[in-house]
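Undergrad: For reference, the structure I am asking about is given below.
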Amino acid sequence: MAALGGDGLRLLSVSRPERQPESAALGGPGPGLCCWVSVFSCLSLACSYVGSLYVWKSELPRDHPAVIKRRFTSVLVVSSLSPLCVLLWRELTGIQPGTSLLTLMGFRLEGIFPAALLPLLLTMILFLGPLMQLSMDCPCDLTDGLKVVLAPRSWARCLTDMRWLRNQVIAPLTEELVFRACMLPMLAPCTGLGPAVFTCPLFFGVAHFHHIFEQLRFRQSSMGSIFLSAAFQFSYTAVFGAYTAFLFIRTGHLIGPVLCHSFCNYMGFPAVCAALEHPQRRPLLAGYALGVGLFLLLLQPLTDPKLYGSLPLCVLLERAGDSEAPLCS
């Protein structure tokens, strides 16, 4: 979290008087105010994103195609305007990132191929157990499965399925844009990269609490079950948000977090209880353990910043006076 002391919230560079941040040189607002502007901007983005889902009044459930189409419109509008919030933050704080706004938000060509492939590979390794479970429970063999995946008709059906578009395309793209690409550049100069990885997902996790209102509205379960489900969802979305924030910082690209988000939405939360009762329990649990072990072993090497070129957030922190950010090396 942001450093707390007698002066309240402060920028990292305050502790290094020998090197003043560029915002100070520009005569911008005080460091404490900069941090409050950052937090307020992130909170405004989160509220705008969630609020856009409810501008349409409807008695239909969230999975109805008509509801999904309307929410596509409002969410895409808010997401398209979200870079303006980062632009306004830059003007209010006086912080100059040293790169273009789009580059800072992860839209760049340098290192794009490893940034698209390696984080997704890393995430698939983590899901080795669930992938084995999916393969064991699938009635078709690998050849038939590949034919289905590569068939144009299968993709045509997906592209006309509103739920598929929401879960695999629109939600990953807009959520990563708003909650990672826009929020991390605003939080990092205030908290540092490490704390930002864990601060940013809090906005992401809280944003998912809106599902409580829909479950209560349609009486989908008991009160206790709904709140227990919401607490569980907050926990794993916060953990997932920290992971994609880590990927965004270490690769400097938005594409990796988006692809990983889409993949995780497809896989869902690992069915560990079903794995414990599976007829092939032993090899399956070994796959779960192997996947987690390999993930932890490969996390640092596959996200090595040297693979992805100059990292925009690290450049931002260097200009703010912090040249020793651990996630930058």
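We label chains A, B, ... in the order they appear in the structure tokens, count residues from 1 in each chain, and number ligands from 1 in the order shown.
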What's the 10 Å shell around Phe72 of chain A, counting only C-alpha atoms, without same-chain residues fewer than 4 positions away, as a ChimeraX atom specification?
TA: /A:52-53,66-68,76-77,162,165-166,170-171,174
Undergrad: I need the residue nearest Val37 of chain A from this list: A:Ser58, A:Cys138, A:Pro97, A:Met186. Use only C-alpha atoms for the distance.
TA: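 Looking only at the distances to Val37 of chain A, the closest residue turns out to be A:Met186.
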Undergrad: Using Å and a single decimal, report how far atom CA of Phe246 of chain A sits from atom CA of Leu101 of chain A.
TA: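 Between atom CA of Leu101 of chain A and atom CA of Phe246 of chain A the gap is 19.6 Å.
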Undergrad: Env of Val169 of chain A: 12 Å cut, atoms = only C-alpha atoms, seq-sep filter 3 positions within chain, self excluded. Answer as a list in words.
TA: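 My reading of the contact set: Phe72, Leu76, Cys158, Leu159, Asp161, Met162, Arg163, Trp164, Leu165, Arg166, Pro172, Leu173, Thr174, Glu175, Glu176, Ile255, Val258, Leu259, Cys260, His261, Ser262, Phe263, Cys264, Asn265 and Tyr266 of chain A.
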Undergrad: Write out as a list in words which residues come within 9 Å of segment 113-125 of chain A when counting only C-alpha atoms, dropping same-chain ones fewer than 5 positions away.
TA: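 So, after excluding close chain neighbours, the residues are Leu131, Leu247, Thr251, Gly252, His253, Leu254, Ile255, Gly256, Pro257, Val258, Leu259, Cys260, Phe263, Cys264, Leu290, Gly291, Val292, Leu294, Phe295, Leu298, Leu299, Leu302, Thr303, Leu307 and Tyr308 of chain A.
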Undergrad: Please dump the current selection as a PDB file, in the first residue's frame; keep C-alpha atoms.
TA:
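Dumped everything to selection.pdb:
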```
ATOM      1  CA  LEU A 131      -6.851 -29.548 -18.470  1.00  0.00           C
ATOM      2  CA  LEU A 247       1.930 -10.015 -15.870  1.00  0.00           C
ATOM      3  CA  THR A 251       5.691  -7.729 -19.755  1.00  0.00           C
ATOM      4  CA  GLY A 252       4.569  -4.138 -20.328  1.00  0.00           C
ATOM      5  CA  HIS A 253       1.771  -5.455 -22.552  1.00  0.00           C
ATOM      6  CA  LEU A 254      -2.004  -5.699 -22.251  1.00  0.00           C
ATOM      7  CA  ILE A 255      -2.400  -8.660 -24.610  1.00  0.00           C
ATOM      8  CA  GLY A 256      -1.002 -11.246 -22.175  1.00  0.00           C
ATOM      9  CA  PRO A 257      -3.421 -10.444 -19.318  1.00  0.00           C
ATOM     10  CA  VAL A 258      -6.349 -10.348 -21.781  1.00  0.00           C
ATOM     11  CA  LEU A 259      -5.565 -13.800 -23.222  1.00  0.00           C
ATOM     12  CA  CYS A 260      -4.990 -15.267 -19.752  1.00  0.00           C
ATOM     13  CA  PHE A 263      -8.562 -18.658 -20.889  1.00  0.00           C
ATOM     14  CA  CYS A 264      -9.406 -18.595 -17.170  1.00  0.00           C
ATOM     15  CA  LEU A 290       2.849 -30.814 -11.142  1.00  0.00           C
ATOM     16  CA  GLY A 291       1.067 -27.842 -12.711  1.00  0.00           C
ATOM     17  CA  VAL A 292       1.382 -25.722  -9.570  1.00  0.00           C
ATOM     18  CA  LEU A 294       6.005 -25.935 -12.694  1.00  0.00           C
ATOM     19  CA  PHE A 295       4.079 -22.655 -12.525  1.00  0.00           C
ATOM     20  CA  LEU A 298       8.674 -20.888 -14.374  1.00  0.00           C
ATOM     21  CA  LEU A 299       6.908 -17.761 -13.087  1.00  0.00           C
ATOM     22  CA  LEU A 302       8.810 -16.692 -18.387  1.00  0.00           C
ATOM     23  CA  THR A 303       8.047 -13.156 -17.201  1.00  0.00           C
ATOM     24  CA  LEU A 307      12.103 -10.887 -23.063  1.00  0.00           C
ATOM     25  CA  TYR A 308       9.750  -7.958 -23.579  1.00  0.00           C
TER      26      TYR A 308
END
```
Undergrad: What's around His278 of chain A at 12 Å? Count only C-alpha atoms, leave out sequence neighbours fewer than 4 positions away in its own chain, and write the answer as a list in words.
TA: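 Surrounding residues, per the criterion: Pro130, Met132, Gln133, Leu134, Met136, Asp137, Ala271, Val272, Cys273, Ala274, Arg282, Pro283, Leu284 and Leu285 of chain A.
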Undergrad: What is the distance, in Å and to one decimal place, between atom CA of Asp304 of chain A and atom CA of Leu327 of chain A?
TA: 9.1 Å
Undergrad: When you draw a straight line from atom CA of Arg250 of chain A to atom CA of Pro189 of chain A, how long is it in Å?
TA: 15.8 Å
Undergrad: Have a look at A:Glu110, A:Glu318, A:Asp144, A:Glu277 and name the one nearest to Lys306 of chain A; count only C-alpha atoms.
TA: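 Closest residue, counting only C-alpha atoms: A:Glu110.
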Undergrad: Contacts of Ser100 of chain A at 12 Å or less, counting only C-alpha atoms, minus same-chain residues fewer than 5 places along, as a PyMOL selection string?
TA: chain A and resi 83+86-87+90+105-108+185+312-313+315-316
Undergrad: Identify which of the residues A:Ser38, A:Leu109, A:Leu146, A:Ser79 lies closest to Thr93 of chain A, counting only C-alpha atoms when measuring atom-to-atom distances.
TA: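 Of the candidates, the smallest distance to Thr93 of chain A is held by A:Ser38.
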Undergrad: Extract the full set of helix (DSSP H, G or I) residues from segment 172-277 of chain A according to DSSP on the backbone, and format it as a ChimeraX atom specification.
TA: /A:172-191,193-207,210-217,223-251,255-267,272-276
Undergrad: Save out the residues we just selected, C-alpha atoms, as a PDB file, in the first residue's frame.
TA:
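Written file, part-v4.pdb:
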```
ATOM      1  CA  PRO A 172     -11.443  -9.926 -20.601  1.00  0.00           C
ATOM      2  CA  LEU A 173     -10.677  -7.002 -22.910  1.00  0.00           C
ATOM      3  CA  THR A 174     -12.624  -4.303 -21.075  1.00  0.00           C
ATOM      4  CA  GLU A 175     -11.791  -5.456 -17.541  1.00  0.00           C
ATOM      5  CA  GLU A 176      -8.064  -5.700 -18.232  1.00  0.00           C
ATOM      6  CA  LEU A 177      -8.128  -2.327 -19.983  1.00  0.00           C
ATOM      7  CA  VAL A 178      -9.890  -0.575 -17.110  1.00  0.00           C
ATOM      8  CA  PHE A 179      -8.572  -2.439 -14.068  1.00  0.00           C
ATOM      9  CA  ARG A 180      -5.005  -3.060 -15.195  1.00  0.00           C
ATOM     10  CA  ALA A 181      -3.957  -0.836 -18.116  1.00  0.00           C
ATOM     11  CA  CYS A 182      -5.583   2.308 -16.680  1.00  0.00           C
ATOM     12  CA  MET A 183      -5.284   1.779 -12.938  1.00  0.00           C
ATOM     13  CA  LEU A 184      -1.735   0.455 -12.593  1.00  0.00           C
ATOM     14  CA  PRO A 185      -0.050   3.518 -14.184  1.00  0.00           C
ATOM     15  CA  MET A 186      -1.947   5.745 -11.746  1.00  0.00           C
ATOM     16  CA  LEU A 187      -1.247   3.620  -8.653  1.00  0.00           C
ATOM     17  CA  ALA A 188       2.398   2.680  -9.315  1.00  0.00           C
ATOM     18  CA  PRO A 189       3.986   6.122  -8.687  1.00  0.00           C
ATOM     19  CA  CYS A 190       2.076   6.337  -5.415  1.00  0.00           C
ATOM     20  CA  THR A 191       2.484   2.838  -3.977  1.00  0.00           C
ATOM     21  CA  LEU A 193       5.012  -1.640  -8.275  1.00  0.00           C
ATOM     22  CA  GLY A 194       4.912  -4.405  -5.661  1.00  0.00           C
ATOM     23  CA  PRO A 195       2.107  -2.932  -3.530  1.00  0.00           C
ATOM     24  CA  ALA A 196       0.247  -1.868  -6.706  1.00  0.00           C
ATOM     25  CA  VAL A 197       0.031  -5.534  -7.717  1.00  0.00           C
ATOM     26  CA  PHE A 198      -2.041  -6.178  -4.575  1.00  0.00           C
ATOM     27  CA  THR A 199      -3.837  -2.816  -4.378  1.00  0.00           C
ATOM     28  CA  CYS A 200      -5.190  -2.754  -7.925  1.00  0.00           C
ATOM     29  CA  PRO A 201      -7.057  -6.105  -7.627  1.00  0.00           C
ATOM     30  CA  LEU A 202      -9.045  -4.786  -4.663  1.00  0.00           C
ATOM     31  CA  PHE A 203     -10.939  -2.504  -7.044  1.00  0.00           C
ATOM     32  CA  PHE A 204     -11.386  -5.480  -9.382  1.00  0.00           C
ATOM     33  CA  GLY A 205     -12.653  -7.755  -6.612  1.00  0.00           C
ATOM     34  CA  VAL A 206     -15.056  -5.195  -5.161  1.00  0.00           C
ATOM     35  CA  ALA A 207     -16.405  -4.514  -8.659  1.00  0.00           C
ATOM     36  CA  HIS A 210     -22.606  -6.295  -8.030  1.00  0.00           C
ATOM     37  CA  HIS A 211     -23.516  -9.939  -8.725  1.00  0.00           C
ATOM     38  CA  ILE A 212     -24.995 -10.016  -5.203  1.00  0.00           C
ATOM     39  CA  PHE A 213     -27.761  -7.618  -6.236  1.00  0.00           C
ATOM     40  CA  GLU A 214     -28.751  -9.731  -9.222  1.00  0.00           C
ATOM     41  CA  GLN A 215     -28.777 -12.941  -7.171  1.00  0.00           C
ATOM     42  CA  LEU A 216     -30.899 -11.273  -4.497  1.00  0.00           C
ATOM     43  CA  ARG A 217     -33.159  -9.777  -7.111  1.00  0.00           C
ATOM     44  CA  MET A 223     -29.095 -15.097   1.696  1.00  0.00           C
ATOM     45  CA  GLY A 224     -26.219 -16.891   3.409  1.00  0.00           C
ATOM     46  CA  SER A 225     -25.228 -18.779   0.264  1.00  0.00           C
ATOM     47  CA  ILE A 226     -25.261 -15.604  -1.812  1.00  0.00           C
ATOM     48  CA  PHE A 227     -22.952 -13.709   0.547  1.00  0.00           C
ATOM     49  CA  LEU A 228     -20.677 -16.723   0.970  1.00  0.00           C
ATOM     50  CA  SER A 229     -20.447 -17.030  -2.802  1.00  0.00           C
ATOM     51  CA  ALA A 230     -19.702 -13.295  -3.078  1.00  0.00           C
ATOM     52  CA  ALA A 231     -16.894 -13.534  -0.513  1.00  0.00           C
ATOM     53  CA  PHE A 232     -15.395 -16.488  -2.357  1.00  0.00           C
ATOM     54  CA  GLN A 233     -15.684 -14.691  -5.709  1.00  0.00           C
ATOM     55  CA  PHE A 234     -14.029 -11.585  -4.258  1.00  0.00           C
ATOM     56  CA  SER A 235     -11.144 -13.708  -2.991  1.00  0.00           C
ATOM     57  CA  TYR A 236     -10.334 -15.501  -6.206  1.00  0.00           C
ATOM     58  CA  THR A 237     -10.940 -12.481  -8.445  1.00  0.00           C
ATOM     59  CA  ALA A 238      -8.547 -10.491  -6.238  1.00  0.00           C
ATOM     60  CA  VAL A 239      -5.916 -13.238  -6.500  1.00  0.00           C
ATOM     61  CA  PHE A 240      -6.429 -13.477 -10.253  1.00  0.00           C
ATOM     62  CA  GLY A 241      -6.262  -9.682 -10.523  1.00  0.00           C
ATOM     63  CA  ALA A 242      -2.933  -9.684  -8.702  1.00  0.00           C
ATOM     64  CA  TYR A 243      -1.625 -12.291 -11.152  1.00  0.00           C
ATOM     65  CA  THR A 244      -2.647 -10.350 -14.265  1.00  0.00           C
ATOM     66  CA  ALA A 245      -1.327  -7.122 -12.704  1.00  0.00           C
ATOM     67  CA  PHE A 246       1.999  -8.919 -12.207  1.00  0.00           C
ATOM     68  CA  LEU A 247       1.930 -10.015 -15.870  1.00  0.00           C
ATOM     69  CA  PHE A 248       1.100  -6.503 -17.040  1.00  0.00           C
ATOM     70  CA  ILE A 249       4.000  -4.981 -15.112  1.00  0.00           C
ATOM     71  CA  ARG A 250       6.550  -7.649 -16.034  1.00  0.00           C
ATOM     72  CA  THR A 251       5.691  -7.729 -19.755  1.00  0.00           C
ATOM     73  CA  ILE A 255      -2.400  -8.660 -24.610  1.00  0.00           C
ATOM     74  CA  GLY A 256      -1.002 -11.246 -22.175  1.00  0.00           C
ATOM     75  CA  PRO A 257      -3.421 -10.444 -19.318  1.00  0.00           C
ATOM     76  CA  VAL A 258      -6.349 -10.348 -21.781  1.00  0.00           C
ATOM     77  CA  LEU A 259      -5.565 -13.800 -23.222  1.00  0.00           C
ATOM     78  CA  CYS A 260      -4.990 -15.267 -19.752  1.00  0.00           C
ATOM     79  CA  HIS A 261      -8.257 -13.739 -18.545  1.00  0.00           C
ATOM     80  CA  SER A 262     -10.136 -15.258 -21.484  1.00  0.00           C
ATOM     81  CA  PHE A 263      -8.562 -18.658 -20.889  1.00  0.00           C
ATOM     82  CA  CYS A 264      -9.406 -18.595 -17.170  1.00  0.00           C
ATOM     83  CA  ASN A 265     -12.991 -17.574 -17.919  1.00  0.00           C
ATOM     84  CA  TYR A 266     -13.256 -20.613 -20.189  1.00  0.00           C
ATOM     85  CA  MET A 267     -11.749 -22.996 -17.648  1.00  0.00           C
ATOM     86  CA  VAL A 272     -10.785 -29.789  -6.998  1.00  0.00           C
ATOM     87  CA  CYS A 273     -13.630 -31.620  -5.202  1.00  0.00           C
ATOM     88  CA  ALA A 274     -14.550 -33.444  -8.410  1.00  0.00           C
ATOM     89  CA  ALA A 275     -10.886 -34.351  -8.901  1.00  0.00           C
ATOM     90  CA  LEU A 276     -10.780 -35.915  -5.417  1.00  0.00           C
TER      91      LEU A 276
END
```
